[in-house]
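Inspection log for the structure reproduced underneath, given as structure tokens.
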Amino acid sequence: MWANRTVRAEVIEWALETIQRPDVLYLDTETTGLGDRDELVDIAAVDNGGRVLLNTLIKPRRPIPRDATSIHGITDEMVRTAPSWTDVYPRYLDLLERYRHVIVYNADFDQRMIQQTCIAVTLSPPRATWHCAMKRYSTFAGEPDRYGRGYRWFQLGQAASRLGVTLVPDHTALADAQTCREVVRAMAATL
């Protein structure tokens, strides 16, 4: 079932505008977990042309739990010599100065994890205009959620598959940021 035509057209218009903007950044993170004490272990960003702007592991302040490693494959050994968030933060800030629109698949989560990692190391969370590609795709797909209060959310791999995107997210920040970009481009191409 499709969303009503007007709402779906609005998502397509957003996608079209997004892929044409010079100040768009597609971003993804991987973390030590989902809780309010967890922090970043991987961050990547690409621009509208697909150019990699940031791609780095991050050494967290605490060990990476096994259940998190089982999802993204990042181990304590892999981040042993990685820069800390304090080291990566200036590069991230510089990107946000040039790219004001941050597109993320599940933006609420990544934004929260960046903010709480900043706060944990006494850095000010930077400002940006965040856009959630997951919520946009949810509206685009138009399938009601099981509670009848909105649209069903899809994992990034599901959205990519349904749109015929050949990139497959693999729970690395770079692959997921690249796949997010392709999902937005695929929605724009449906006009």
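Residue numbering restarts at 1 in every chain; chains get A, B, ... in the order shown in the structure tokens, and ligands count up from 1 in that same order.
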| task | Please identify which residues in chain A DSSP calls strand (DSSP E) from the backbone, and express them as number ranges by chain. | result | A: 24-31, 40-47, 52-57, 101-104, 129-132
Those residues with N, CA, C and O atoms, as a compact mmCIF listing (two decimals), in the first residue's frame please?
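Result file follows (out-v8.txt):
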```txt
# COMPACT_ATOMS: atom_id res chain seq x y z
N VAL A 24 24.89 19.03 1.72
CA VAL A 24 24.31 17.82 2.31
C VAL A 24 25.42 16.84 2.65
O VAL A 24 26.34 16.61 1.86
N LEU A 25 25.28 16.25 3.81
CA LEU A 25 26.21 15.26 4.32
C LEU A 25 25.40 14.03 4.72
O LEU A 25 24.42 14.15 5.44
N TYR A 26 25.78 12.86 4.22
CA TYR A 26 25.16 11.60 4.65
C TYR A 26 26.08 11.00 5.70
O TYR A 26 27.28 10.82 5.46
N LEU A 27 25.53 10.69 6.85
CA LEU A 27 26.35 10.31 8.00
C LEU A 27 25.83 9.03 8.63
O LEU A 27 24.63 8.75 8.58
N ASP A 28 26.73 8.28 9.23
CA ASP A 28 26.33 7.13 10.03
C ASP A 28 27.37 6.91 11.13
O ASP A 28 28.52 7.32 11.00
N THR A 29 26.92 6.29 12.21
CA THR A 29 27.80 5.95 13.32
C THR A 29 27.58 4.51 13.74
O THR A 29 26.53 3.93 13.46
N GLU A 30 28.57 3.97 14.41
CA GLU A 30 28.43 2.71 15.13
C GLU A 30 28.83 3.01 16.57
O GLU A 30 29.63 3.92 16.82
N THR A 31 28.25 2.25 17.51
CA THR A 31 28.39 2.60 18.91
C THR A 31 28.69 1.39 19.79
O THR A 31 28.62 0.24 19.35
N LEU A 40 30.34 6.52 20.70
CA LEU A 40 30.73 6.22 19.32
C LEU A 40 31.98 5.35 19.26
O LEU A 40 32.89 5.50 20.06
N VAL A 41 32.00 4.45 18.24
CA VAL A 41 33.20 3.68 17.94
C VAL A 41 33.56 3.78 16.45
O VAL A 41 34.62 3.33 16.03
N ASP A 42 32.68 4.36 15.64
CA ASP A 42 32.91 4.48 14.20
C ASP A 42 32.02 5.61 13.69
O ASP A 42 30.86 5.72 14.11
N ILE A 43 32.55 6.43 12.81
CA ILE A 43 31.75 7.49 12.19
C ILE A 43 32.24 7.67 10.76
O ILE A 43 33.44 7.56 10.47
N ALA A 44 31.30 7.90 9.87
CA ALA A 44 31.63 8.14 8.46
C ALA A 44 30.63 9.11 7.87
O ALA A 44 29.47 9.17 8.30
N ALA A 45 31.10 9.85 6.88
CA ALA A 45 30.24 10.80 6.17
C ALA A 45 30.68 10.87 4.72
O ALA A 45 31.87 10.81 4.41
N VAL A 46 29.67 10.98 3.85
CA VAL A 46 29.91 11.16 2.42
C VAL A 46 29.08 12.34 1.94
O VAL A 46 28.06 12.68 2.53
N ASP A 47 29.51 12.96 0.85
CA ASP A 47 28.75 14.08 0.30
C ASP A 47 27.81 13.59 -0.80
O ASP A 47 27.72 12.38 -1.06
N VAL A 52 33.99 10.39 0.09
CA VAL A 52 34.15 10.11 1.52
C VAL A 52 34.81 11.32 2.18
O VAL A 52 35.92 11.71 1.82
N LEU A 53 34.11 11.89 3.13
CA LEU A 53 34.58 13.09 3.83
C LEU A 53 35.15 12.76 5.20
O LEU A 53 35.99 13.49 5.73
N LEU A 54 34.67 11.69 5.79
CA LEU A 54 35.12 11.26 7.12
C LEU A 54 34.88 9.77 7.21
O LEU A 54 33.81 9.28 6.83
N ASN A 55 35.87 9.04 7.70
CA ASN A 55 35.73 7.60 7.88
C ASN A 55 36.79 7.17 8.88
O ASN A 55 37.95 7.04 8.55
N THR A 56 36.37 7.00 10.14
CA THR A 56 37.33 6.65 11.16
C THR A 56 36.71 5.83 12.29
O THR A 56 35.55 6.05 12.65
N LEU A 57 37.49 4.91 12.80
CA LEU A 57 37.13 4.27 14.05
C LEU A 57 37.43 5.26 15.17
O LEU A 57 38.25 6.18 15.00
N HIS A 101 23.24 20.33 6.23
CA HIS A 101 22.14 19.38 6.27
C HIS A 101 22.71 17.97 6.42
O HIS A 101 23.41 17.48 5.54
N VAL A 102 22.39 17.32 7.53
CA VAL A 102 22.90 16.00 7.85
C VAL A 102 21.77 14.99 7.64
O VAL A 102 20.72 15.07 8.30
N ILE A 103 22.00 14.06 6.72
CA ILE A 103 21.00 13.04 6.39
C ILE A 103 21.48 11.73 7.00
O ILE A 103 22.60 11.29 6.73
N VAL A 104 20.63 11.13 7.81
CA VAL A 104 20.99 9.89 8.50
C VAL A 104 19.81 8.94 8.46
O VAL A 104 18.66 9.36 8.59
N THR A 129 21.22 20.84 10.84
CA THR A 129 19.85 20.51 10.49
C THR A 129 19.84 19.03 10.13
O THR A 129 20.44 18.61 9.15
N TRP A 130 19.20 18.25 10.98
CA TRP A 130 19.16 16.80 10.83
C TRP A 130 17.92 16.38 10.06
O TRP A 130 16.83 16.91 10.29
N HIS A 131 18.08 15.41 9.18
CA HIS A 131 16.97 14.84 8.41
C HIS A 131 17.03 13.32 8.57
O HIS A 131 18.11 12.73 8.42
N CYS A 132 15.91 12.72 8.83
CA CYS A 132 15.87 11.27 9.03
C CYS A 132 15.40 10.58 7.75
O CYS A 132 14.21 10.62 7.41
```
| query | DSSP on the backbone: what in region 65-169 of chain A comes out helix (DSSP H, G or I), as an MDAnalysis selection string? | reply | chainID A and resid 66:72 76:79 85:98 107:120 133:141 156:162
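By only C-alpha atoms, and with residues fewer than 5 positions from Asp38 (chain A) along its chain excluded, the set lying at most 12 Å from it is Glu30, Thr31, Thr32, Gly33, Pro60, Arg61, Arg62, Pro63, Ile64, Pro65, Ala68, Phe109, Asp110, Arg112, Met113, Ile114, Gln115, Gln116, Thr117, Cys118, Ile119 and Ala120 of chain A.
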Dump of C-alpha atoms for the selected residues, as an mmCIF file, in the first residue's frame:
```cif
data_model
loop_
_atom_site.group_PDB
_atom_site.id
_atom_site.type_symbol
_atom_site.label_atom_id
_atom_site.label_comp_id
_atom_site.auth_asym_id
_atom_site.auth_seq_id
_atom_site.Cartn_x
_atom_site.Cartn_y
_atom_site.Cartn_z
ATOM 1 C CA GLU A 30 28.435 2.705 15.133
ATOM 2 C CA THR A 31 28.388 2.605 18.915
ATOM 3 C CA THR A 32 29.173 0.614 22.041
ATOM 4 C CA GLY A 33 25.444 0.016 22.498
ATOM 5 C CA PRO A 60 35.701 4.706 23.320
ATOM 6 C CA ARG A 61 36.417 5.343 26.985
ATOM 7 C CA ARG A 62 35.131 1.876 27.975
ATOM 8 C CA PRO A 63 35.475 -1.594 26.422
ATOM 9 C CA ILE A 64 33.120 -2.478 23.580
ATOM 10 C CA PRO A 65 30.563 -5.053 24.766
ATOM 11 C CA ALA A 68 27.737 -4.583 20.130
ATOM 12 C CA PHE A 109 19.672 7.595 17.284
ATOM 13 C CA ASP A 110 22.855 8.916 15.668
ATOM 14 C CA ARG A 112 21.620 11.252 20.378
ATOM 15 C CA MET A 113 24.800 9.149 20.340
ATOM 16 C CA ILE A 114 26.889 12.049 19.022
ATOM 17 C CA GLN A 115 25.407 14.392 21.629
ATOM 18 C CA GLN A 116 25.946 12.035 24.536
ATOM 19 C CA THR A 117 29.509 11.228 23.406
ATOM 20 C CA CYS A 118 30.202 14.973 23.248
ATOM 21 C CA ILE A 119 28.751 15.522 26.698
ATOM 22 C CA ALA A 120 30.712 12.574 28.140
#
```
Non-local contacts of region 19-21 of chain A (9 Å; only C-alpha atoms; under 5 positions in same chain excluded) as a PDB file with C-alpha atoms, in the first residue's frame:
```pdb
ATOM      1  CA  TRP A  14      12.439  16.359  -0.450  1.00  0.00           C
ATOM      2  CA  ASN A  48      26.130  14.139  -2.450  1.00  0.00           C
ATOM      3  CA  GLY A  49      28.717  13.054  -4.999  1.00  0.00           C
ATOM      4  CA  HIS A 101      22.137  19.377   6.271  1.00  0.00           C
ATOM      5  CA  ARG A 181      22.759   8.232   0.165  1.00  0.00           C
ATOM      6  CA  VAL A 184      17.637   8.981  -0.957  1.00  0.00           C
ATOM      7  CA  ARG A 185      18.780   9.018  -4.589  1.00  0.00           C
ATOM      8  CA  ALA A 188      14.279  10.909  -5.924  1.00  0.00           C
TER       9      ALA A 188
END
```
| When distances are computed from only C-alpha atoms, which of A:Pro126, A:Gly142, A:Gly150, A:Gly157 shows the smallest separation from Tyr92 (chain A)? |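 Of A:Pro126, A:Gly142, A:Gly150, A:Gly157, the one nearest Tyr92 (chain A), counting only C-alpha atoms, is A:Pro126.
Picture a line from CA of Ala175 (chain A) to CA of His72 (chain A); it runs 11.2 Å.
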| request: Would you work out the distance separating CA of Ile58 (chain A) from CA of Ser84 (chain A), expressed in Å to one decimal? | output: 5.3 Å
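Here the question is which of A:Leu16, A:Cys180, A:Ala128, A:Val168 gets nearest to Glu97 (chain A) using only C-alpha atoms, and that residue is A:Ala128.
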Within 7 Å of Pro83 (chain A) using only C-alpha atoms, minus same-chain residues under 3 positions, as a tab-separated table (two decimals) with N, CA and C atoms, in the first residue's frame:
```tsv
chain	number	residue	atom	x	y	z
A	58	ILE	N	36.79	5.07	16.30
A	58	ILE	CA	36.96	5.96	17.45
A	58	ILE	C	37.18	5.08	18.68
A	59	LYS	N	38.20	5.40	19.45
A	59	LYS	CA	38.46	4.66	20.68
A	59	LYS	C	37.52	5.15	21.77
A	87	ASP	N	39.69	13.80	19.58
A	87	ASP	CA	40.57	14.00	18.43
A	87	ASP	C	39.79	14.14	17.12
A	88	VAL	N	38.71	13.40	16.98
A	88	VAL	CA	37.91	13.39	15.74
A	88	VAL	C	36.98	14.60	15.68
```
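Using only C-alpha atoms, the nearest neighbour of Tyr99 (chain A) within the list A:Asp23, A:Asp76, A:Glu13, A:Asp36 is A:Asp23.
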| field | Gly73 (chain A) surroundings by only C-alpha atoms, 10 Å radius, close-in-sequence under 3 positions cut, as a ChimeraX atom specification | value | /A:30,66-70,78,170-172
| said: Considering only C-alpha atoms, can you say which of A:Ala173, A:Leu96, A:Val11, A:Ala186 comes closest to Ile71 (chain A)? | reply: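 Looking at the shortest contact to Ile71 (chain A), the residue is A:Ala173.
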| Residue with smallest distance to Ala9 (chain A) - pool A:Leu163, A:Val79, A:Ala141, A:Val183, counting only C-alpha atoms | A:Ala141
| said: Quick check, in Å to one decimal: how far apart do CA of Val7 (chain A) and CA of Arg136 (chain A) lie? | reply: 10.0 Å
| field | Closest of A:Leu34, A:Met134, A:Ala82, A:Ala189 to Ala107 (chain A) - atom-to-atom distances counting only C-alpha atoms | value |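 Among A:Leu34, A:Met134, A:Ala82, A:Ala189, it is A:Met134 that comes nearest to Ala107 (chain A).
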